[in-house]
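Asks: So here's my_file_34.cif (mmCIF, C-alpha atoms).
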```
data_data
loop_
_atom_site.group_PDB
_atom_site.id
_atom_site.type_symbol
_atom_site.label_atom_id
_atom_site.label_comp_id
_atom_site.auth_asym_id
_atom_site.auth_seq_id
_atom_site.Cartn_x
_atom_site.Cartn_y
_atom_site.Cartn_z
ATOM 1 C CA MET A 1 21.012 18.998 -49.412
ATOM 2 C CA ALA A 2 22.566 17.327 -46.439
ATOM 3 C CA PRO A 3 22.988 13.573 -46.833
ATOM 4 C CA ILE A 4 21.231 11.321 -44.358
ATOM 5 C CA ARG A 5 23.016 7.981 -44.203
ATOM 6 C CA GLU A 6 19.834 6.199 -43.098
ATOM 7 C CA TRP A 7 18.665 6.689 -46.662
ATOM 8 C CA PHE A 8 20.893 3.792 -47.674
ATOM 9 C CA GLY A 9 18.571 1.721 -45.538
ATOM 10 C CA VAL A 10 15.493 3.214 -47.195
ATOM 11 C CA TYR A 11 16.877 2.244 -50.601
ATOM 12 C CA ASN A 12 17.102 -1.293 -49.286
ATOM 13 C CA ILE A 13 13.555 -1.199 -47.887
ATOM 14 C CA ILE A 14 12.218 0.013 -51.240
ATOM 15 C CA TYR A 15 14.127 -2.682 -53.136
ATOM 16 C CA ARG A 16 12.852 -5.412 -50.812
ATOM 17 C CA TRP A 17 9.310 -4.073 -51.124
ATOM 18 C CA PHE A 18 9.477 -4.350 -54.908
ATOM 19 C CA GLU A 19 10.956 -7.826 -54.774
ATOM 20 C CA GLN A 20 8.425 -9.147 -52.272
ATOM 21 C CA ARG A 21 5.372 -7.562 -53.873
ATOM 22 C CA TYR A 22 6.178 -7.908 -57.568
ATOM 23 C CA GLY A 23 9.297 -10.082 -57.978
ATOM 24 C CA LYS A 24 12.911 -9.671 -59.035
ATOM 25 C CA LYS A 25 12.065 -8.788 -62.633
ATOM 26 C CA ALA A 26 9.861 -5.909 -61.469
ATOM 27 C CA LEU A 27 12.681 -4.673 -59.243
ATOM 28 C CA GLU A 28 15.048 -4.656 -62.210
ATOM 29 C CA GLU A 29 12.471 -2.848 -64.339
ATOM 30 C CA TYR A 30 12.195 -0.229 -61.595
ATOM 31 C CA TRP A 31 15.968 0.209 -61.507
ATOM 32 C CA LYS A 32 15.995 0.627 -65.300
ATOM 33 C CA TYR A 33 13.316 3.304 -65.016
ATOM 34 C CA ILE A 34 15.312 5.152 -62.357
ATOM 35 C CA ALA A 35 18.466 4.869 -64.463
ATOM 36 C CA GLN A 36 16.684 6.455 -67.406
ATOM 37 C CA ASN A 37 14.894 9.161 -65.449
ATOM 38 C CA CYS A 38 17.413 10.351 -62.870
ATOM 39 C CA PHE A 39 21.088 11.270 -62.673
ATOM 40 C CA SER A 40 21.320 13.990 -65.337
ATOM 41 C CA GLU A 41 24.041 15.716 -63.309
ATOM 42 C CA ILE A 42 26.025 12.480 -63.090
ATOM 43 C CA LEU A 43 25.682 11.957 -66.824
ATOM 44 C CA ASN A 44 27.135 15.407 -67.392
ATOM 45 C CA ARG A 45 30.166 14.384 -65.340
ATOM 46 C CA PHE A 46 30.515 11.032 -67.100
ATOM 47 C CA SER A 47 30.282 12.726 -70.491
ATOM 48 C CA THR A 48 33.442 14.733 -69.882
ATOM 49 C CA GLY A 49 35.592 11.601 -70.275
ATOM 50 C CA ILE A 50 37.068 8.792 -68.240
ATOM 51 C CA VAL A 51 38.712 11.226 -65.809
ATOM 52 C CA GLY A 52 35.279 12.731 -65.221
ATOM 53 C CA VAL A 53 33.898 9.289 -64.417
ATOM 54 C CA ARG A 54 36.713 8.614 -61.974
ATOM 55 C CA ASP A 55 36.452 12.029 -60.357
ATOM 56 C CA TYR A 56 32.701 11.753 -59.895
ATOM 57 C CA LEU A 57 32.956 8.291 -58.346
ATOM 58 C CA SER A 58 35.863 9.306 -56.126
ATOM 59 C CA GLU A 59 34.067 12.399 -54.862
ATOM 60 C CA THR A 60 30.858 10.547 -54.048
ATOM 61 C CA PHE A 61 32.625 7.672 -52.332
ATOM 62 C CA ASP A 62 34.640 10.185 -50.303
ATOM 63 C CA LYS A 63 31.472 12.050 -49.309
ATOM 64 C CA ASP A 64 29.590 8.861 -48.482
ATOM 65 C CA GLY A 65 32.429 7.426 -46.422
ATOM 66 C CA GLY A 66 33.458 4.654 -48.801
ATOM 67 C CA GLU A 67 36.934 3.416 -49.704
ATOM 68 C CA TYR A 68 38.230 2.501 -53.120
ATOM 69 C CA LEU A 69 41.177 2.144 -55.484
ATOM 70 C CA SER A 70 40.998 3.607 -58.954
ATOM 71 C CA THR A 71 43.203 3.031 -61.979
ATOM 72 C CA ILE A 72 42.935 4.653 -65.380
ATOM 73 C CA LYS A 73 44.529 2.889 -68.348
ATOM 74 C CA GLY A 74 43.953 4.776 -71.565
ATOM 75 C CA ASP A 75 40.197 5.113 -71.946
ATOM 76 C CA SER A 76 39.432 2.509 -69.287
ATOM 77 C CA LEU A 77 38.781 2.869 -65.594
ATOM 78 C CA ILE A 78 39.027 0.144 -62.995
ATOM 79 C CA PHE A 79 37.251 1.253 -59.830
ATOM 80 C CA GLU A 80 37.694 -1.188 -57.002
ATOM 81 C CA VAL A 81 35.379 -0.698 -54.056
ATOM 82 C CA THR A 82 37.094 -1.864 -50.888
ATOM 83 C CA LYS A 83 34.474 -0.442 -48.516
ATOM 84 C CA CYS A 84 30.989 0.098 -49.867
ATOM 85 C CA PRO A 85 29.330 2.939 -47.927
ATOM 86 C CA ASP A 86 25.915 1.340 -48.329
ATOM 87 C CA TYR A 87 27.002 -1.964 -46.788
ATOM 88 C CA ASP A 88 29.127 -0.215 -44.208
ATOM 89 C CA PHE A 89 26.153 1.767 -42.947
ATOM 90 C CA MET A 90 23.560 -0.989 -43.173
ATOM 91 C CA ASN A 91 25.741 -3.439 -41.309
ATOM 92 C CA SER A 92 26.557 -0.890 -38.625
ATOM 93 C CA VAL A 93 23.028 -0.214 -37.389
ATOM 94 C CA PHE A 94 20.620 -2.385 -35.496
ATOM 95 C CA ASN A 95 17.653 -2.493 -37.821
ATOM 96 C CA ILE A 96 16.812 -5.868 -39.292
ATOM 97 C CA ASN A 97 15.223 -4.143 -42.284
ATOM 98 C CA PHE A 98 18.579 -2.683 -43.250
ATOM 99 C CA LYS A 99 20.017 -6.125 -43.931
ATOM 100 C CA PRO A 100 20.892 -5.803 -47.630
ATOM 101 C CA ILE A 101 18.753 -7.847 -49.989
ATOM 102 C CA GLU A 102 20.585 -10.541 -51.916
ATOM 103 C CA ASP A 103 20.591 -8.535 -55.151
ATOM 104 C CA TYR A 104 21.275 -5.157 -53.561
ATOM 105 C CA CYS A 105 24.443 -4.631 -55.614
ATOM 106 C CA LYS A 106 22.622 -5.232 -58.885
ATOM 107 C CA HIS A 107 21.342 -1.659 -58.867
ATOM 108 C CA HIS A 108 24.907 -0.391 -59.264
ATOM 109 C CA GLU A 109 25.255 -2.545 -62.356
ATOM 110 C CA ILE A 110 22.019 -1.281 -63.905
ATOM 111 C CA PHE A 111 22.561 2.385 -63.004
ATOM 112 C CA ASN A 112 26.207 2.432 -64.064
ATOM 113 C CA SER A 113 25.514 0.535 -67.290
ATOM 114 C CA ALA A 114 22.830 3.052 -68.307
ATOM 115 C CA LEU A 115 24.981 6.056 -67.465
ATOM 116 C CA ALA A 116 28.066 4.581 -69.131
ATOM 117 C CA GLU A 117 26.188 3.728 -72.294
ATOM 118 C CA LYS A 118 24.824 7.260 -72.620
ATOM 119 C CA ALA A 119 28.326 8.659 -72.093
ATOM 120 C CA GLY A 120 29.952 6.328 -74.631
ATOM 121 C CA TYR A 121 31.314 3.687 -72.289
ATOM 122 C CA SER A 122 30.580 0.125 -71.387
ATOM 123 C CA PHE A 123 30.278 -0.970 -67.781
ATOM 124 C CA CYS A 124 31.092 -4.336 -66.278
ATOM 125 C CA MET A 125 30.724 -5.437 -62.674
ATOM 126 C CA ALA A 126 33.846 -7.572 -62.939
ATOM 127 C CA GLU A 127 33.747 -8.805 -59.357
ATOM 128 C CA CYS A 128 31.283 -8.573 -56.489
ATOM 129 C CA ASN A 129 31.252 -10.502 -53.238
ATOM 130 C CA HIS A 130 27.875 -9.097 -52.107
ATOM 131 C CA LYS A 131 29.533 -8.061 -48.880
ATOM 132 C CA GLY A 132 30.678 -4.576 -49.800
ATOM 133 C CA GLN A 133 33.623 -5.230 -52.071
ATOM 134 C CA CYS A 134 33.435 -5.155 -55.853
ATOM 135 C CA LYS A 135 35.294 -4.138 -58.978
ATOM 136 C CA TRP A 136 33.830 -1.890 -61.645
ATOM 137 C CA VAL A 137 35.267 -1.547 -65.145
ATOM 138 C CA PHE A 138 34.381 1.263 -67.522
ATOM 139 C CA GLU A 139 35.711 1.075 -71.079
ATOM 140 C CA LYS A 140 35.327 3.447 -73.984
ATOM 141 C CA THR A 141 33.140 2.041 -76.721
ATOM 142 C CA ASN A 142 33.832 2.586 -80.411
ATOM 143 C CA GLN A 143 30.746 4.709 -81.039
ATOM 144 C CA MET B 144 23.921 4.936 -55.569
ATOM 145 C CA THR B 145 24.937 7.780 -53.349
ATOM 146 C CA VAL B 146 22.584 9.208 -50.753
ATOM 147 C CA TYR B 147 22.972 12.563 -52.512
ATOM 148 C CA ASN B 148 20.523 11.321 -55.148
ATOM 149 C CA PHE B 149 18.023 9.995 -52.648
ATOM 150 C CA ILE B 150 15.344 12.689 -52.954
ATOM 151 C CA GLU B 151 15.414 12.610 -56.737
ATOM 152 C CA ILE B 152 15.079 8.814 -56.688
ATOM 153 C CA TYR B 153 12.410 8.888 -53.973
ATOM 154 C CA ASN B 154 10.267 11.275 -56.043
ATOM 155 C CA GLU B 155 10.664 9.236 -59.228
ATOM 156 C CA THR B 156 9.908 6.052 -57.303
ATOM 157 C CA PHE B 157 6.492 7.364 -56.275
ATOM 158 C CA LYS B 158 5.700 8.408 -59.846
ATOM 159 C CA TYR B 159 6.783 5.050 -61.227
ATOM 160 C CA ILE B 160 4.809 3.006 -58.709
ATOM 161 C CA GLU B 161 1.606 4.973 -59.240
ATOM 162 C CA LYS B 162 1.988 4.663 -63.018
ATOM 163 C CA GLU B 163 2.735 0.933 -62.973
ATOM 164 C CA TYR B 164 0.814 -0.331 -59.956
ATOM 165 C CA GLY B 165 -1.568 2.430 -58.851
ATOM 166 C CA ALA B 166 -1.898 4.822 -55.919
ATOM 167 C CA GLU B 167 -2.758 2.041 -53.469
ATOM 168 C CA ALA B 168 0.672 0.564 -54.142
ATOM 169 C CA VAL B 169 2.284 3.916 -53.281
ATOM 170 C CA LYS B 170 0.379 3.895 -49.987
ATOM 171 C CA ASP B 171 1.533 0.343 -49.393
ATOM 172 C CA LEU B 172 5.160 1.345 -49.929
ATOM 173 C CA TRP B 173 4.778 4.269 -47.522
ATOM 174 C CA GLN B 174 3.268 1.960 -44.905
ATOM 175 C CA THR B 175 6.226 -0.357 -45.336
ATOM 176 C CA ILE B 176 8.761 2.455 -45.012
ATOM 177 C CA SER B 177 6.931 3.745 -41.942
ATOM 178 C CA ALA B 178 7.017 0.345 -40.276
ATOM 179 C CA GLN B 179 10.555 -0.564 -41.254
ATOM 180 C CA TRP B 180 12.418 2.753 -41.227
ATOM 181 C CA CYS B 181 10.703 4.906 -38.589
ATOM 182 C CA VAL B 182 11.852 2.688 -35.739
ATOM 183 C CA HIS B 183 13.846 5.470 -34.069
ATOM 184 C CA LEU B 184 10.810 7.751 -34.047
ATOM 185 C CA ASP B 185 8.770 4.832 -32.741
ATOM 186 C CA ASP B 186 11.210 4.348 -29.850
ATOM 187 C CA LEU B 187 11.133 8.036 -28.986
ATOM 188 C CA VAL B 188 7.337 8.359 -29.090
ATOM 189 C CA ARG B 189 6.870 5.202 -27.063
ATOM 190 C CA GLU B 190 9.289 6.416 -24.388
ATOM 191 C CA LYS B 191 8.669 10.167 -24.389
ATOM 192 C CA GLY B 192 5.430 10.873 -26.243
ATOM 193 C CA LEU B 193 5.251 14.319 -27.831
ATOM 194 C CA GLU B 194 8.648 15.239 -26.373
ATOM 195 C CA GLY B 195 10.012 12.290 -28.323
ATOM 196 C CA MET B 196 8.597 13.710 -31.548
ATOM 197 C CA VAL B 197 10.225 17.061 -30.814
ATOM 198 C CA GLU B 198 13.505 15.287 -30.167
ATOM 199 C CA TYR B 199 13.213 13.323 -33.404
ATOM 200 C CA TRP B 200 12.703 16.374 -35.584
ATOM 201 C CA ALA B 201 14.322 19.219 -33.689
ATOM 202 C CA GLY B 202 16.581 17.755 -31.023
ATOM 203 C CA ASN B 203 20.332 17.585 -31.102
ATOM 204 C CA GLY B 204 20.991 15.607 -34.285
ATOM 205 C CA GLY B 205 17.280 15.784 -35.191
ATOM 206 C CA THR B 206 16.310 15.035 -38.758
ATOM 207 C CA LEU B 207 15.142 18.522 -39.714
ATOM 208 C CA GLY B 208 18.336 20.108 -38.452
ATOM 209 C CA ARG B 209 20.456 17.583 -40.335
ATOM 210 C CA GLU B 210 18.460 18.198 -43.505
ATOM 211 C CA LYS B 211 18.858 21.964 -43.022
ATOM 212 C CA ALA B 212 15.141 22.622 -43.081
ATOM 213 C CA VAL B 213 13.746 26.054 -42.181
ATOM 214 C CA TYR B 214 11.116 25.234 -39.580
ATOM 215 C CA GLU B 215 9.618 25.914 -36.171
ATOM 216 C CA ILE B 216 8.436 23.395 -33.614
ATOM 217 C CA SER B 217 6.722 24.117 -30.337
ATOM 218 C CA LEU B 218 5.173 21.996 -27.644
ATOM 219 C CA GLN B 219 2.671 23.753 -25.451
ATOM 220 C CA ASP B 220 -0.252 22.532 -23.357
ATOM 221 C CA GLY B 221 0.017 19.039 -24.778
ATOM 222 C CA VAL B 222 -0.010 20.110 -28.420
ATOM 223 C CA LEU B 223 2.952 19.806 -30.723
ATOM 224 C CA ALA B 224 2.864 22.355 -33.530
ATOM 225 C CA GLY B 225 5.294 22.302 -36.412
ATOM 226 C CA ILE B 226 5.645 24.780 -39.242
ATOM 227 C CA MET B 227 7.790 24.016 -42.269
ATOM 228 C CA HIS B 228 8.810 27.221 -43.985
ATOM 229 C CA LYS B 229 11.152 25.581 -46.442
ATOM 230 C CA CYS B 230 11.072 21.843 -46.936
ATOM 231 C CA PRO B 231 14.555 20.652 -47.877
ATOM 232 C CA SER B 232 13.422 17.812 -50.100
ATOM 233 C CA VAL B 233 10.842 19.805 -52.061
ATOM 234 C CA GLY B 234 13.469 22.541 -52.308
ATOM 235 C CA GLU B 235 15.955 20.094 -53.733
ATOM 236 C CA LEU B 236 13.491 18.829 -56.336
ATOM 237 C CA ILE B 237 12.789 22.390 -57.428
ATOM 238 C CA GLU B 238 16.500 23.180 -57.489
ATOM 239 C CA ARG B 239 17.170 20.122 -59.642
ATOM 240 C CA ASN B 240 14.312 21.106 -61.916
ATOM 241 C CA ARG B 241 12.472 17.862 -61.199
ATOM 242 C CA LYS B 242 8.755 17.503 -61.717
ATOM 243 C CA ILE B 243 7.409 16.851 -58.234
ATOM 244 C CA TYR B 244 5.226 13.766 -57.852
ATOM 245 C CA HIS B 245 1.640 14.878 -58.263
ATOM 246 C CA GLY B 246 -0.808 12.147 -59.148
ATOM 247 C CA GLU B 247 -3.684 10.719 -57.139
ATOM 248 C CA LEU B 248 -1.366 11.340 -54.227
ATOM 249 C CA ASN B 249 1.421 13.858 -54.084
ATOM 250 C CA TYR B 250 4.986 13.966 -52.843
ATOM 251 C CA CYS B 251 4.160 15.710 -49.582
ATOM 252 C CA ASN B 252 1.601 13.086 -48.570
ATOM 253 C CA HIS B 253 4.461 10.745 -47.722
ATOM 254 C CA CYS B 254 5.288 12.611 -44.494
ATOM 255 C CA LEU B 255 1.907 11.983 -42.884
ATOM 256 C CA ALA B 256 1.917 8.441 -44.294
ATOM 257 C CA LEU B 257 5.257 7.730 -42.635
ATOM 258 C CA TYR B 258 4.852 9.544 -39.319
ATOM 259 C CA GLY B 259 1.092 9.318 -38.748
ATOM 260 C CA PRO B 260 0.999 5.567 -38.088
ATOM 261 C CA VAL B 261 3.770 5.895 -35.501
ATOM 262 C CA ALA B 262 1.835 8.610 -33.665
ATOM 263 C CA ASN B 263 -1.409 6.655 -33.876
ATOM 264 C CA ARG B 264 0.256 3.551 -32.457
ATOM 265 C CA TYR B 265 0.709 5.445 -29.185
ATOM 266 C CA SER B 266 -2.700 7.152 -29.253
ATOM 267 C CA PHE B 267 -1.556 10.476 -30.648
ATOM 268 C CA GLU B 268 -3.500 12.261 -33.345
ATOM 269 C CA MET B 269 -1.396 13.755 -36.113
ATOM 270 C CA LEU B 270 -2.810 16.241 -38.585
ATOM 271 C CA TRP B 271 -1.009 17.705 -41.541
ATOM 272 C CA ASN B 272 -1.825 20.811 -43.548
ATOM 273 C CA ILE B 273 0.095 20.906 -46.827
ATOM 274 C CA ASP B 274 0.388 24.127 -48.768
ATOM 275 C CA THR B 275 -0.154 23.696 -52.492
ATOM 276 C CA ASP B 276 -0.123 26.003 -55.468
ATOM 277 C CA GLU B 277 -3.089 26.642 -57.788
ATOM 278 C CA ALA B 278 -2.394 23.382 -59.591
ATOM 279 C CA GLY B 279 -2.376 21.462 -56.319
ATOM 280 C CA ARG B 280 1.381 20.934 -56.293
ATOM 281 C CA CYS B 281 3.481 20.982 -53.122
ATOM 282 C CA THR B 282 5.155 24.306 -52.397
ATOM 283 C CA GLY B 283 7.485 23.014 -49.689
ATOM 284 C CA LYS B 284 5.482 24.629 -46.912
ATOM 285 C CA CYS B 285 3.289 22.807 -44.442
ATOM 286 C CA SER B 286 2.245 22.680 -40.839
ATOM 287 C CA TRP B 287 1.393 19.823 -38.574
ATOM 288 C CA THR B 288 0.030 19.215 -35.117
ATOM 289 C CA SER B 289 -0.051 16.276 -32.810
ATOM 290 C CA TYR B 290 -1.780 15.681 -29.498
ATOM 291 C CA LYS B 291 -3.055 12.845 -27.311
ATOM 292 C CA LYS B 292 -6.360 11.420 -28.512
#
```
With the file now loaded, output its structure as structure tokens.

Replies:
Amino acid sequence: MAPIREWFGVYNIIYRWFEQRYGKKALEEYWKYIAQNCFSEILNRFSTGIVGVRDYLSETFDKDGGEYLSTIKGDSLIFEVTKCPDYDFMNSVFNINFKPIEDYCKHHEIFNSALAEKAGYSFCMAECNHKGQCKWVFEKTNQ
Amino acid sequence: MTVYNFIEIYNETFKYIEKEYGAEAVKDLWQTISAQWCVHLDDLVREKGLEGMVEYWAGNGGTLGREKAVYEISLQDGVLAGIMHKCPSVGELIERNRKIYHGELNYCNHCLALYGPVANRYSFEMLWNIDTDEAGRCTGKCSWTSYKK
């Protein structure tokens, strides 16, 4: 299906709706539900190994218009987001409702942690400036 | 998360909200999305009426073209008529083998919930006819009309 970049803004509207109606904890519970009930195709990619994780992330950031640096060291991946496509889009359009919520980036942490865990990795949001730059670290676990 | 997962997430979001908070909460979310996201459609309808709706869905860069929907839209004698032969988002859910939201409300209800209030704001009626299978589930086919009240 063709991607519609405005959907980044709809993610943000949904997140804000949860937060305003039911609170931050409810928003995180929602993200956990989504992490457990979506993304089977991504999990298949992650499960092929650390190169699969890097390749999936690289492909999606390329398609979404993001920019990044990636480094693999052994079974670890450092994925540094230098231009987040979500922030890039939301800050480029004149719609006050597309202003990212304070915890917008937290969904990456919850989604990636769930996917990484299922694929035998840990995930750490090592850095995040909440302005579209962050550093993700995936490391193989001993399981 | 990438926009390529949007439809899958959207569908699961509706299921989750109905399960946790009830169908009224789903309606509330749709009202919010309508008010906060459909601002471009709002601009077009305010400025151009039914022609604006046609432009939104079927114009150059219109949403249905971008989503690669199979559809027809006509505007004749003050009545907009749309026919969706193959809804891209329902198609994607089927392709991904996802169970389509079907509770007190169903996945396809979100279109009228999003677009209807915009039409009504400018005194246009909007009616939607959603095709469902024997179990009442969306098939990805629908038709809709809009005209001045």

Asks: Excluding same-chain residues fewer than 3 positions from stretch 91-103 of chain A, what lies within 10 Å of it counting all atoms listed in the file, as an MDAnalysis selection string?

Replies: (chainID A and resid 6:13 15:16 19 24 27:28 85:88 106:107 130:132) or (chainID B and resid 176 178:180 182:183)

Asks: Counting all atoms listed in the file, collect the residues of chain B whose closest atom lies at most 6 Å from chain A, and write them out as number ranges by chain.

Replies: B: 146-147, 179, 210

Asks: On this structure, the PyMOL selection byres ((chain B and resi 257) around 10) would catch which residues? List them as a CSV table (one decimal) with C-alpha atoms, in the coordinates of the input, sorted by chain and number.

Replies:
```
chain,number,residue,atom,x,y,z
B,170,LYS,CA,0.4,3.9,-50.0
B,172,LEU,CA,5.2,1.3,-49.9
B,173,TRP,CA,4.8,4.3,-47.5
B,174,GLN,CA,3.3,2.0,-44.9
B,175,THR,CA,6.2,-0.4,-45.3
B,176,ILE,CA,8.8,2.5,-45.0
B,177,SER,CA,6.9,3.7,-41.9
B,178,ALA,CA,7.0,0.3,-40.3
B,179,GLN,CA,10.6,-0.6,-41.3
B,180,TRP,CA,12.4,2.8,-41.2
B,181,CYS,CA,10.7,4.9,-38.6
B,252,ASN,CA,1.6,13.1,-48.6
B,253,HIS,CA,4.5,10.7,-47.7
B,254,CYS,CA,5.3,12.6,-44.5
B,255,LEU,CA,1.9,12.0,-42.9
B,256,ALA,CA,1.9,8.4,-44.3
B,258,TYR,CA,4.9,9.5,-39.3
B,259,GLY,CA,1.1,9.3,-38.7
B,260,PRO,CA,1.0,5.6,-38.1
B,261,VAL,CA,3.8,5.9,-35.5
B,262,ALA,CA,1.8,8.6,-33.7
```

Asks: What lies within 9 Å of B:Glu151 using all atoms listed in the file, ignoring chain neighbours under 6 positions off, as an NGL selection string?

Replies: (:A and (38-39)) or (:B and (232 or 235-236 or 239 or 241))

Asks: Which residues are near B:Tyr244? Cut-off 6 Å, all atoms listed in the file, ignore same chain within fewer than 2 positions. Put them as a list of chain:residue names.

Replies: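 So the residues in contact are B:Asn154, B:Lys158, B:Asn249, B:Tyr250.
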
Asks: What's the separation between atom CA of A:Glu80 and atom CA of A:Glu67, in Å to one decimal place?

Replies: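 Value for the atom CA of A:Glu80-atom CA of A:Glu67 distance: 8.7 Å.
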
Asks: Would you translate the PyMOL selection byres ((chain B and resi 225) around 10) into the concrete set of residues it matches in this file, as a PyMOL selection string?

Replies: chain B and resi 197+200-201+214-218+222-224+226-228+271+285-289

Asks: Which residue, A:Ala119, A:Ile78, A:Leu43, A:Met90, has the smallest gap to A:Thr141 when you use only C-alpha atoms?

Replies: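 Looking only at the distances to A:Thr141, the closest residue turns out to be A:Ala119.
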
Asks: For the file shown, report as a VMD selection string the outcome of the PyMOL selection byres ((chain A and resi 137) around 10) at residue level.

Replies: chain A and resid 70 to 72 76 to 80 112 121 to 127 135 to 136 138 to 139

Asks: Could you please determine the separation between atom CA of B:Leu184 and atom CA of B:Tyr199 in Å, to one decimal place?

Replies: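 Distance between the two atoms: 6.1 Å.
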
Asks: May I ask for the distance between atom CA of B:Asn148 and atom CA of B:Gly279, given in Å to one decimal place?

Replies: 25.1 Å

Asks: Could you list, as a ChimeraX atom specification, every residue within 9 Å of B:Gly192, counting only C-alpha atoms and ignoring same-chain residues fewer than 5 positions away?

Replies: /B:187,262,265,267,291

Asks: Fewer than 6 positions away in the same chain doesn't count, so skip those; otherwise give me all residues within 12 Å of B:Lys162, counting all atoms listed in the file, as a ChimeraX atom specification.

Replies: /A:30,33 /B:155-156,168-169,244-248

Asks: Could you give me the axis-aligned bounding box of stretch 147-163 of chain B, with 3 Å of padding per side, as centre plus edge lengths in Å to one decimal, as lines of an AutoDock Vina configuration file?

Replies:
```
center_x = 12.3
center_y = 6.8
center_z = -57.8
size_x = 27.4
size_y = 17.8
size_z = 16.5
```

Asks: Starting from the incomplete input, reconstruct N, CA and C atoms of stretch 179-194 of chain B and write that as a PDB file, in the coordinates of the input.

Replies:
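Okay, selection.pdb is ready:
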```pdb
ATOM      1  N   GLN B 179       9.203   0.006 -41.257  1.00  0.00           N
ATOM      2  CA  GLN B 179      10.555  -0.564 -41.254  1.00  0.00           C
ATOM      3  C   GLN B 179      11.661   0.475 -41.040  1.00  0.00           C
ATOM      4  N   TRP B 180      11.372   1.725 -41.351  1.00  0.00           N
ATOM      5  CA  TRP B 180      12.418   2.753 -41.227  1.00  0.00           C
ATOM      6  C   TRP B 180      12.217   3.626 -39.992  1.00  0.00           C
ATOM      7  N   CYS B 181      10.965   3.937 -39.659  1.00  0.00           N
ATOM      8  CA  CYS B 181      10.703   4.906 -38.589  1.00  0.00           C
ATOM      9  C   CYS B 181      10.803   4.273 -37.204  1.00  0.00           C
ATOM     10  N   VAL B 182      11.736   3.391 -37.024  1.00  0.00           N
ATOM     11  CA  VAL B 182      11.852   2.688 -35.739  1.00  0.00           C
ATOM     12  C   VAL B 182      12.432   3.597 -34.644  1.00  0.00           C
ATOM     13  N   HIS B 183      13.279   4.551 -35.057  1.00  0.00           N
ATOM     14  CA  HIS B 183      13.846   5.470 -34.069  1.00  0.00           C
ATOM     15  C   HIS B 183      12.755   6.408 -33.542  1.00  0.00           C
ATOM     16  N   LEU B 184      11.944   6.909 -34.467  1.00  0.00           N
ATOM     17  CA  LEU B 184      10.810   7.751 -34.047  1.00  0.00           C
ATOM     18  C   LEU B 184       9.877   6.937 -33.154  1.00  0.00           C
ATOM     19  N   ASP B 185       9.642   5.708 -33.527  1.00  0.00           N
ATOM     20  CA  ASP B 185       8.770   4.832 -32.741  1.00  0.00           C
ATOM     21  C   ASP B 185       9.302   4.702 -31.309  1.00  0.00           C
ATOM     22  N   ASP B 186      10.602   4.477 -31.190  1.00  0.00           N
ATOM     23  CA  ASP B 186      11.210   4.348 -29.850  1.00  0.00           C
ATOM     24  C   ASP B 186      10.991   5.623 -29.030  1.00  0.00           C
ATOM     25  N   LEU B 187      11.233   6.759 -29.698  1.00  0.00           N
ATOM     26  CA  LEU B 187      11.133   8.036 -28.986  1.00  0.00           C
ATOM     27  C   LEU B 187       9.699   8.337 -28.554  1.00  0.00           C
ATOM     28  N   VAL B 188       8.745   8.064 -29.426  1.00  0.00           N
ATOM     29  CA  VAL B 188       7.337   8.359 -29.090  1.00  0.00           C
ATOM     30  C   VAL B 188       6.859   7.411 -27.994  1.00  0.00           C
ATOM     31  N   ARG B 189       7.275   6.162 -28.101  1.00  0.00           N
ATOM     32  CA  ARG B 189       6.870   5.202 -27.063  1.00  0.00           C
ATOM     33  C   ARG B 189       7.401   5.612 -25.698  1.00  0.00           C
ATOM     34  N   GLU B 190       8.650   6.087 -25.667  1.00  0.00           N
ATOM     35  CA  GLU B 190       9.289   6.416 -24.388  1.00  0.00           C
ATOM     36  C   GLU B 190       8.929   7.809 -23.877  1.00  0.00           C
ATOM     37  N   LYS B 191       8.786   8.769 -24.819  1.00  0.00           N
ATOM     38  CA  LYS B 191       8.669  10.167 -24.389  1.00  0.00           C
ATOM     39  C   LYS B 191       7.444  10.890 -24.927  1.00  0.00           C
ATOM     40  N   GLY B 192       6.630  10.228 -25.715  1.00  0.00           N
ATOM     41  CA  GLY B 192       5.430  10.873 -26.243  1.00  0.00           C
ATOM     42  C   GLY B 192       5.761  12.041 -27.160  1.00  0.00           C
ATOM     43  N   LEU B 193       5.054  13.158 -26.958  1.00  0.00           N
ATOM     44  CA  LEU B 193       5.251  14.319 -27.831  1.00  0.00           C
ATOM     45  C   LEU B 193       6.673  14.869 -27.726  1.00  0.00           C
ATOM     46  N   GLU B 194       7.254  14.788 -26.533  1.00  0.00           N
ATOM     47  CA  GLU B 194       8.648  15.239 -26.373  1.00  0.00           C
ATOM     48  C   GLU B 194       9.568  14.420 -27.276  1.00  0.00           C
TER      49      GLU B 194
END
```
